[in-house]
Amino acid sequence: MAAPSSTTTSNIMLAIFEKKTNSVDLYRPLRNFVVVNYSEREAQNLEDDLQTLKQLRSEVERGGAADSPAARRDLLQSYYRALCVVESRFPISPDKDHVNAVSFTWFDAFKNKQKASQQSIYLEKAAVLFNLGAVHSQIGLNYDRSAVEGRKQASHSFMAAAGAFAFLRDNVAMKAAVGSSTTLDISVDCVGMLERLMLAQAQECVYENTIAKGSSPGVCAKISRQVGLFYEEALAALTVSPLSHHFDKAWISHVQLKAAMFHGEACYRYSLELHGKEEIAEEIARIKIGVNVLAEAKKTAPKGAAPQLLDAVNKLEANLKSNLERAVKENDRVYLMRVPPASSLPPLPTFSMVKPMAMNEILDASREKMFASLVPDSSAKSLSRYTEMVDDIIRTQAEKLQQGSELARVRLKEMDLPDSILALEGNTPLPTALKEDVEAVQICGGPAALEAELQQLKDLSRVNHELLVQTEEQLQKEATEDAQFRNQFGTRWTRPQSSTLTKNLHDRLNRFAGNLKQAAESDARIERSVREHSALMSILDSRPIESALPSLSRPIMSLDASEDAIVGGLKQSLRQLETLGAQRAGLEDMLKEMKRKDDILPKVMATTGSHEDLFRKEISKYDHICEEIAKNLEAQEQLLMHIQAQNDEFAAIFNLEDYKASREKSYKQIEAAIAKYQEIKDNINEGLKFYVTLQDAITLVKQQCNDFVMTRNMQCRDMIDDVQRQVAGLSFKDSKNTGYSFSPVSRPHPPQTSNPQQHLDAGNMPNTPSYSQMPTYQPPQHPTTPAYVQTPPYGYSQPPPQSYHAPVSNHPYPPPQHQQHTASPEYGQPPYGGWQGPYYNAPPQQTGSMPRPPYPGQSPYPPPHQSGYYRQ
């Protein structure tokens, strides 16, 4: 087993010191500018913002010694965002009309005697970004990398440092270099080198974690090689002008040795993987490369490298040589393979695990409230005019893009593409609206579920019939008992006959029976309809529904076997058209993004005189994207013409017209099946609603009959007592002429029943026990029919709607007569408005408040104007 590498013992990394600066008074020059160009009142309103800016600058001048690195980082980020706000509102330059009393001075971070002074905010912004990257590097260096979490945090901080230097390079460095004086540390070359250096150290932390968790030699080799490449890129910038004479020799020596060490480390790790695969020849070659790289670096690197780094390089070199000696002996004794030259080997694979952290969001000043009210009128008007110019371009180009997309859609629809191609592959599409209708039917269970719903109709009809029979039997039993007592006692039995009191109850029960009879006829028609149209509706049970559609077939005989080529060419053209559509979407997004980022307010405020030249220059940014849009639309037009020709050839070979006719026929069949299914479904739902509503009405009448029978029984007992007292000669004197009466003292008042007739001679009736409400639907238990164990889905939560009123001459029942109820109505009169058609006690229907009620008076199912299927 080869000895482990010693690079993980090398904890030497580099951090960067911050730039130093001289004190600057921002408060007074900026306040004077506001007073001169706006007003004293405006300056007073901005007092807090000016003081905040002054305080931030003062803390930046103080340096990082008094603050923790994290606090320093937050300070620099806040100050940079404040500088972006100042840039957009205060033109700082030598111009007499600008803020010309402010001059920023910053010293070079690597050559402290060199400094730059500019009356430009770009130098200030560049220095702040440089210091932000330096602080991130110091934070990364301070973590304890002996633990996994410390290495992760250090890698994250080095990536943040790389992000700060990359942001400086891309956004500010060039502008700061335009000034009268500058320093090399904020140049594009220097910050680019520092970005690669920070990435190298971030990747090195990842490599240390990879070694610690025992990853395979191959993975370690890839990550190590990427570390070396980052160091090599930094070294390339350090060894050429202008940086070659700007940095201390120790820096160059450190970076050079690190680059060589991680190149050698990659060779070492890769050779271990080759040894495991018994690829001894390449193993020897890779080890030799690693030995040569380390030897060359030790020979050419300047003096001044840290002793720990030199020890790590020497230890790695010793391990490589030991493995090389072992591999050569094994090859000479066992494998006898020819060692390839180094020039013939491919580069080692790499795996980058780090990248510069994005700083755009962190440094975005768009949400800053500082100086928000400070926008010059002239600048605002000019900016508004420029915005109108941009909006006009955006609107015009967006319309062109949308028209292009709509044109492509319409042309493809006319050619029946890509539906015909999908049909050839057995994927005949269904129109979206029709597919949604089919899915809605299938979710409800499809035609097969209608049988269960028909059974529900039968069950509900049976329950209503049984309730009617029970109620009739109750009344009949009471009438029989009354007749027996009348025959027994003769003229002494002065109580009114039952038939007189129950006439209205019997009439209502008869009407219910008539409604049930009509409903049964309608149920039978529904059932016949289901049977007759089952074949038509069976197509709705196909899953997926597309399987029931015809497919486009290839020709039976082919003359030149060109079908595949034609189809392939058409598919390729459609893919190209789709690509053009995606490009248009990207161009539209690009337009919006350009407009969002197009903030020229700082330039407007910094420009004196006319802004026309500035506008022409800025608006030209959109010329390129406008050209791209024009090219896209032109390419689409040419492609559509080509697709038209290809589709004509395709349609001729595959007999597309016959297929379309067959497909349309299938569409119509599905539409007819859906219409018939929905018609039957609606009728069943109306039936279910009718039966549930009727059950409630019968149950209420049954309760009234219960109350009536109970009251008559109580009267019967009292009258028997009276007759017996009369026979015995014990009747009272005042009872001889009046028949009988109830004593108001002997018995308490009974509860009021639902029928007003119970008030007749009932002022002193005895109290009766409370009766529980009957259930609305309890179907009987039959061995062959499962009982309903849940509340049926057709229960009413609101009063039922008013029934449909057919013409009076055809209505089976006369409309109810609305009566004025008196305090003591005749017994048997309904205490409600009456049964209106098939609905019980329906409230007046409000326009649009309820759907059309089911089971009307003339026909229990929809009237002729809605469905001719259920006409009488």
# chains A, B, ... in the order shown; residues from 1 in each chain; ligands from 1
>>> residues_around(residues="Ser366 in chain A", least_positions_apart="6", cutoff="10 Å", atoms="only C-alpha atoms", output="PDB file with all heavy atoms, in the first residue's frame")
ATOM      1  N   ARG A  81     -23.756  49.943  -1.388  1.00  0.00           N
ATOM      2  CA  ARG A  81     -25.116  50.235  -1.858  1.00  0.00           C
ATOM      3  C   ARG A  81     -25.426  51.719  -1.723  1.00  0.00           C
ATOM      4  O   ARG A  81     -26.093  52.312  -2.589  1.00  0.00           O
ATOM      5  CB  ARG A  81     -26.128  49.391  -1.071  1.00  0.00           C
ATOM      6  CG  ARG A  81     -26.054  47.902  -1.376  1.00  0.00           C
ATOM      7  CD  ARG A  81     -27.265  47.161  -0.818  1.00  0.00           C
ATOM      8  NE  ARG A  81     -27.262  47.156   0.631  1.00  0.00           N
ATOM      9  CZ  ARG A  81     -26.750  46.197   1.380  1.00  0.00           C
ATOM     10  NH1 ARG A  81     -26.170  45.152   0.798  1.00  0.00           N
ATOM     11  NH2 ARG A  81     -26.782  46.245   2.706  1.00  0.00           N
ATOM     12  N   CYS A  84     -23.929  53.529  -4.626  1.00  0.00           N
ATOM     13  CA  CYS A  84     -24.731  53.394  -5.850  1.00  0.00           C
ATOM     14  C   CYS A  84     -25.867  54.409  -5.864  1.00  0.00           C
ATOM     15  O   CYS A  84     -26.185  54.984  -6.914  1.00  0.00           O
ATOM     16  CB  CYS A  84     -25.294  51.973  -5.939  1.00  0.00           C
ATOM     17  SG  CYS A  84     -24.053  50.689  -6.202  1.00  0.00           S
ATOM     18  N   VAL A  85     -26.469  54.649  -4.706  1.00  0.00           N
ATOM     19  CA  VAL A  85     -27.531  55.656  -4.623  1.00  0.00           C
ATOM     20  C   VAL A  85     -26.965  57.051  -4.855  1.00  0.00           C
ATOM     21  O   VAL A  85     -27.542  57.870  -5.581  1.00  0.00           O
ATOM     22  CB  VAL A  85     -28.229  55.567  -3.251  1.00  0.00           C
ATOM     23  CG1 VAL A  85     -29.235  56.699  -3.095  1.00  0.00           C
ATOM     24  CG2 VAL A  85     -28.907  54.215  -3.076  1.00  0.00           C
TER      25      VAL A  85
END
>>> select_by_dssp(residues="range 364-458 of chain A", states="alpha helix (DSSP H)", output="number ranges by chain")
A: 377-414, 419-424, 432-443, 449-458
>>> atom_distance(atom1="CA of Leu454 in chain A", atom2="CA of Ile526 in chain A")
8.2 Å
>>> residues_around(residues="Asn323 in chain A", least_positions_apart="6", cutoff="12 Å", atoms="only C-alpha atoms", output="MDAnalysis selection string")
chainID A and resid 1:5 267:269 271:272 274:275 280 283:288 290:291 316:317 329:330
>>> closest_residue(among="A:Met13, A:Leu700, A:Met353, A:Ala259", to="Lys152 in chain A", atoms="only C-alpha atoms")
A:Met353
>>> residues_around(residues="range 231-246 of chain A", least_positions_apart="3", cutoff="8 Å", atoms="only C-alpha atoms", output="PDB file with all heavy atoms, in the first residue's frame")
ATOM      1  N   PHE A 110      -0.935  46.407  -1.981  1.00  0.00           N
ATOM      2  CA  PHE A 110       0.305  45.626  -2.010  1.00  0.00           C
ATOM      3  C   PHE A 110       1.545  46.521  -2.022  1.00  0.00           C
ATOM      4  O   PHE A 110       2.634  46.074  -1.686  1.00  0.00           O
ATOM      5  CB  PHE A 110       0.305  44.704  -3.232  1.00  0.00           C
ATOM      6  CG  PHE A 110      -0.914  43.818  -3.301  1.00  0.00           C
ATOM      7  CD1 PHE A 110      -1.961  44.120  -4.170  1.00  0.00           C
ATOM      8  CD2 PHE A 110      -1.028  42.718  -2.479  1.00  0.00           C
ATOM      9  CE1 PHE A 110      -3.078  43.320  -4.230  1.00  0.00           C
ATOM     10  CE2 PHE A 110      -2.160  41.911  -2.540  1.00  0.00           C
ATOM     11  CZ  PHE A 110      -3.186  42.203  -3.416  1.00  0.00           C
ATOM     12  N   LYS A 111       1.368  47.771  -2.448  1.00  0.00           N
ATOM     13  CA  LYS A 111       2.446  48.767  -2.411  1.00  0.00           C
ATOM     14  C   LYS A 111       1.885  49.984  -1.692  1.00  0.00           C
ATOM     15  O   LYS A 111       1.283  50.869  -2.302  1.00  0.00           O
ATOM     16  CB  LYS A 111       2.890  49.143  -3.834  1.00  0.00           C
ATOM     17  CG  LYS A 111       3.437  47.982  -4.653  1.00  0.00           C
ATOM     18  CD  LYS A 111       4.810  47.535  -4.159  1.00  0.00           C
ATOM     19  CE  LYS A 111       5.398  46.466  -5.071  1.00  0.00           C
ATOM     20  NZ  LYS A 111       6.726  45.985  -4.606  1.00  0.00           N
ATOM     21  N   ASP A 189      -6.462  43.192 -14.490  1.00  0.00           N
ATOM     22  CA  ASP A 189      -5.509  42.086 -14.389  1.00  0.00           C
ATOM     23  C   ASP A 189      -5.360  41.602 -12.960  1.00  0.00           C
ATOM     24  O   ASP A 189      -5.349  40.391 -12.685  1.00  0.00           O
ATOM     25  CB  ASP A 189      -4.139  42.537 -14.924  1.00  0.00           C
ATOM     26  CG  ASP A 189      -4.192  42.863 -16.408  1.00  0.00           C
ATOM     27  OD1 ASP A 189      -4.988  42.210 -17.114  1.00  0.00           O
ATOM     28  OD2 ASP A 189      -3.455  43.765 -16.849  1.00  0.00           O
ATOM     29  N   CYS A 190      -5.240  42.532 -12.019  1.00  0.00           N
ATOM     30  CA  CYS A 190      -4.982  42.141 -10.631  1.00  0.00           C
ATOM     31  C   CYS A 190      -6.201  41.476  -9.999  1.00  0.00           C
ATOM     32  O   CYS A 190      -6.089  40.419  -9.371  1.00  0.00           O
ATOM     33  CB  CYS A 190      -4.565  43.368  -9.821  1.00  0.00           C
ATOM     34  SG  CYS A 190      -4.104  42.958  -8.112  1.00  0.00           S
ATOM     35  N   MET A 193      -6.623  38.010 -11.275  1.00  0.00           N
ATOM     36  CA  MET A 193      -5.705  37.070 -10.631  1.00  0.00           C
ATOM     37  C   MET A 193      -6.178  36.699  -9.237  1.00  0.00           C
ATOM     38  O   MET A 193      -6.147  35.522  -8.842  1.00  0.00           O
ATOM     39  CB  MET A 193      -4.303  37.701 -10.567  1.00  0.00           C
ATOM     40  CG  MET A 193      -3.228  36.800  -9.962  1.00  0.00           C
ATOM     41  SD  MET A 193      -3.154  36.849  -8.140  1.00  0.00           S
ATOM     42  CE  MET A 193      -2.687  38.544  -7.866  1.00  0.00           C
ATOM     43  N   LEU A 194      -6.672  37.685  -8.475  1.00  0.00           N
ATOM     44  CA  LEU A 194      -7.131  37.413  -7.116  1.00  0.00           C
ATOM     45  C   LEU A 194      -8.379  36.524  -7.124  1.00  0.00           C
ATOM     46  O   LEU A 194      -8.561  35.689  -6.227  1.00  0.00           O
ATOM     47  CB  LEU A 194      -7.434  38.732  -6.402  1.00  0.00           C
ATOM     48  CG  LEU A 194      -6.220  39.633  -6.123  1.00  0.00           C
ATOM     49  CD1 LEU A 194      -6.673  40.947  -5.521  1.00  0.00           C
ATOM     50  CD2 LEU A 194      -5.220  38.933  -5.212  1.00  0.00           C
ATOM     51  N   ARG A 196      -8.989  34.087  -9.282  1.00  0.00           N
ATOM     52  CA  ARG A 196      -8.537  32.699  -9.479  1.00  0.00           C
ATOM     53  C   ARG A 196      -7.845  32.162  -8.227  1.00  0.00           C
ATOM     54  O   ARG A 196      -7.985  30.993  -7.877  1.00  0.00           O
ATOM     55  CB  ARG A 196      -7.581  32.609 -10.669  1.00  0.00           C
ATOM     56  CG  ARG A 196      -8.033  33.252 -11.948  1.00  0.00           C
ATOM     57  CD  ARG A 196      -9.498  33.022 -12.256  1.00  0.00           C
ATOM     58  NE  ARG A 196      -9.780  31.664 -12.713  1.00  0.00           N
ATOM     59  CZ  ARG A 196     -10.987  31.205 -12.972  1.00  0.00           C
ATOM     60  NH1 ARG A 196     -12.043  31.994 -12.777  1.00  0.00           N
ATOM     61  NH2 ARG A 196     -11.150  29.967 -13.391  1.00  0.00           N
ATOM     62  N   LEU A 197      -7.106  33.032  -7.529  1.00  0.00           N
ATOM     63  CA  LEU A 197      -6.435  32.602  -6.307  1.00  0.00           C
ATOM     64  C   LEU A 197      -7.443  32.193  -5.246  1.00  0.00           C
ATOM     65  O   LEU A 197      -7.272  31.164  -4.570  1.00  0.00           O
ATOM     66  CB  LEU A 197      -5.533  33.732  -5.792  1.00  0.00           C
ATOM     67  CG  LEU A 197      -4.814  33.469  -4.459  1.00  0.00           C
ATOM     68  CD1 LEU A 197      -3.879  32.275  -4.572  1.00  0.00           C
ATOM     69  CD2 LEU A 197      -4.041  34.710  -4.028  1.00  0.00           C
ATOM     70  N   ALA A 200      -8.932  28.892  -6.144  1.00  0.00           N
ATOM     71  CA  ALA A 200      -7.986  27.805  -5.865  1.00  0.00           C
ATOM     72  C   ALA A 200      -8.046  27.411  -4.393  1.00  0.00           C
ATOM     73  O   ALA A 200      -8.069  26.219  -4.040  1.00  0.00           O
ATOM     74  CB  ALA A 200      -6.576  28.228  -6.260  1.00  0.00           C
ATOM     75  N   VAL A 227      -7.695  22.106  -8.447  1.00  0.00           N
ATOM     76  CA  VAL A 227      -6.991  23.040  -7.558  1.00  0.00           C
ATOM     77  C   VAL A 227      -5.729  23.534  -8.246  1.00  0.00           C
ATOM     78  O   VAL A 227      -5.428  24.741  -8.273  1.00  0.00           O
ATOM     79  CB  VAL A 227      -6.651  22.368  -6.215  1.00  0.00           C
ATOM     80  CG1 VAL A 227      -5.852  23.337  -5.339  1.00  0.00           C
ATOM     81  CG2 VAL A 227      -7.898  21.924  -5.490  1.00  0.00           C
ATOM     82  N   GLY A 228      -4.963  22.603  -8.803  1.00  0.00           N
ATOM     83  CA  GLY A 228      -3.734  22.987  -9.485  1.00  0.00           C
ATOM     84  C   GLY A 228      -3.977  23.920 -10.650  1.00  0.00           C
ATOM     85  O   GLY A 228      -3.204  24.865 -10.871  1.00  0.00           O
ATOM     86  N   ILE A 252       4.608  34.894  -5.238  1.00  0.00           N
ATOM     87  CA  ILE A 252       4.819  34.115  -6.467  1.00  0.00           C
ATOM     88  C   ILE A 252       5.304  32.710  -6.120  1.00  0.00           C
ATOM     89  O   ILE A 252       4.861  31.711  -6.707  1.00  0.00           O
ATOM     90  CB  ILE A 252       5.822  34.846  -7.386  1.00  0.00           C
ATOM     91  CG1 ILE A 252       5.276  36.233  -7.760  1.00  0.00           C
ATOM     92  CG2 ILE A 252       6.137  34.027  -8.622  1.00  0.00           C
ATOM     93  CD1 ILE A 252       6.233  37.079  -8.570  1.00  0.00           C
ATOM     94  N   VAL A 255       2.316  30.600  -4.775  1.00  0.00           N
ATOM     95  CA  VAL A 255       1.374  30.173  -5.807  1.00  0.00           C
ATOM     96  C   VAL A 255       2.015  29.129  -6.718  1.00  0.00           C
ATOM     97  O   VAL A 255       1.383  28.140  -7.106  1.00  0.00           O
ATOM     98  CB  VAL A 255       0.887  31.394  -6.616  1.00  0.00           C
ATOM     99  CG1 VAL A 255       0.021  30.957  -7.789  1.00  0.00           C
ATOM    100  CG2 VAL A 255       0.114  32.349  -5.709  1.00  0.00           C
ATOM    101  N   GLN A 256       3.300  29.313  -7.065  1.00  0.00           N
ATOM    102  CA  GLN A 256       3.963  28.360  -7.950  1.00  0.00           C
ATOM    103  C   GLN A 256       4.087  26.984  -7.296  1.00  0.00           C
ATOM    104  O   GLN A 256       3.832  25.960  -7.931  1.00  0.00           O
ATOM    105  CB  GLN A 256       5.350  28.884  -8.340  1.00  0.00           C
ATOM    106  CG  GLN A 256       6.073  28.011  -9.364  1.00  0.00           C
ATOM    107  CD  GLN A 256       7.371  28.650  -9.825  1.00  0.00           C
ATOM    108  OE1 GLN A 256       7.670  29.801  -9.490  1.00  0.00           O
ATOM    109  NE2 GLN A 256       8.138  27.916 -10.611  1.00  0.00           N
ATOM    110  N   LYS A 258       2.240  25.772  -4.865  1.00  0.00           N
ATOM    111  CA  LYS A 258       0.902  25.187  -4.715  1.00  0.00           C
ATOM    112  C   LYS A 258       0.424  24.580  -6.031  1.00  0.00           C
ATOM    113  O   LYS A 258      -0.155  23.480  -6.060  1.00  0.00           O
ATOM    114  CB  LYS A 258      -0.088  26.258  -4.250  1.00  0.00           C
ATOM    115  CG  LYS A 258       0.006  26.612  -2.777  1.00  0.00           C
ATOM    116  CD  LYS A 258      -0.853  25.673  -1.953  1.00  0.00           C
ATOM    117  CE  LYS A 258      -0.893  26.147  -0.498  1.00  0.00           C
ATOM    118  NZ  LYS A 258      -2.004  25.614   0.249  1.00  0.00           N
ATOM    119  N   ALA A 259       0.660  25.297  -7.137  1.00  0.00           N
ATOM    120  CA  ALA A 259       0.247  24.771  -8.436  1.00  0.00           C
ATOM    121  C   ALA A 259       0.948  23.459  -8.731  1.00  0.00           C
ATOM    122  O   ALA A 259       0.333  22.482  -9.173  1.00  0.00           O
ATOM    123  CB  ALA A 259       0.531  25.808  -9.525  1.00  0.00           C
TER     124      ALA A 259
END
>>> select_by_dssp(residues="range 65-306 of chain A", states="strand (DSSP E or B)", output="list in words")
Ile92, Val99, Phe104, Thr105, Trp106, Phe107, Lys115, Ala116, Ser117 and Gln118 of chain A
>>> write_last_selection(atoms="C-alpha atoms", output="compact mmCIF listing (two decimals), in the first residue's frame")
# COMPACT_ATOMS: atom_id res chain seq x y z
CA ILE A 92 -19.24 63.90 -8.64
CA VAL A 99 -20.13 68.06 -6.83
CA PHE A 104 -11.25 60.27 -2.96
CA THR A 105 -7.77 58.98 -2.10
CA TRP A 106 -6.89 55.29 -1.76
CA PHE A 107 -3.54 53.52 -1.27
CA LYS A 115 -1.92 55.94 -4.06
CA ALA A 116 -4.64 57.24 -6.38
CA SER A 117 -6.79 60.37 -6.03
CA GLN A 118 -9.85 61.01 -8.21
>>> atom_distance(atom1="CA of Lys689 in chain A", atom2="CA of Asp523 in chain A")
12.9 Å
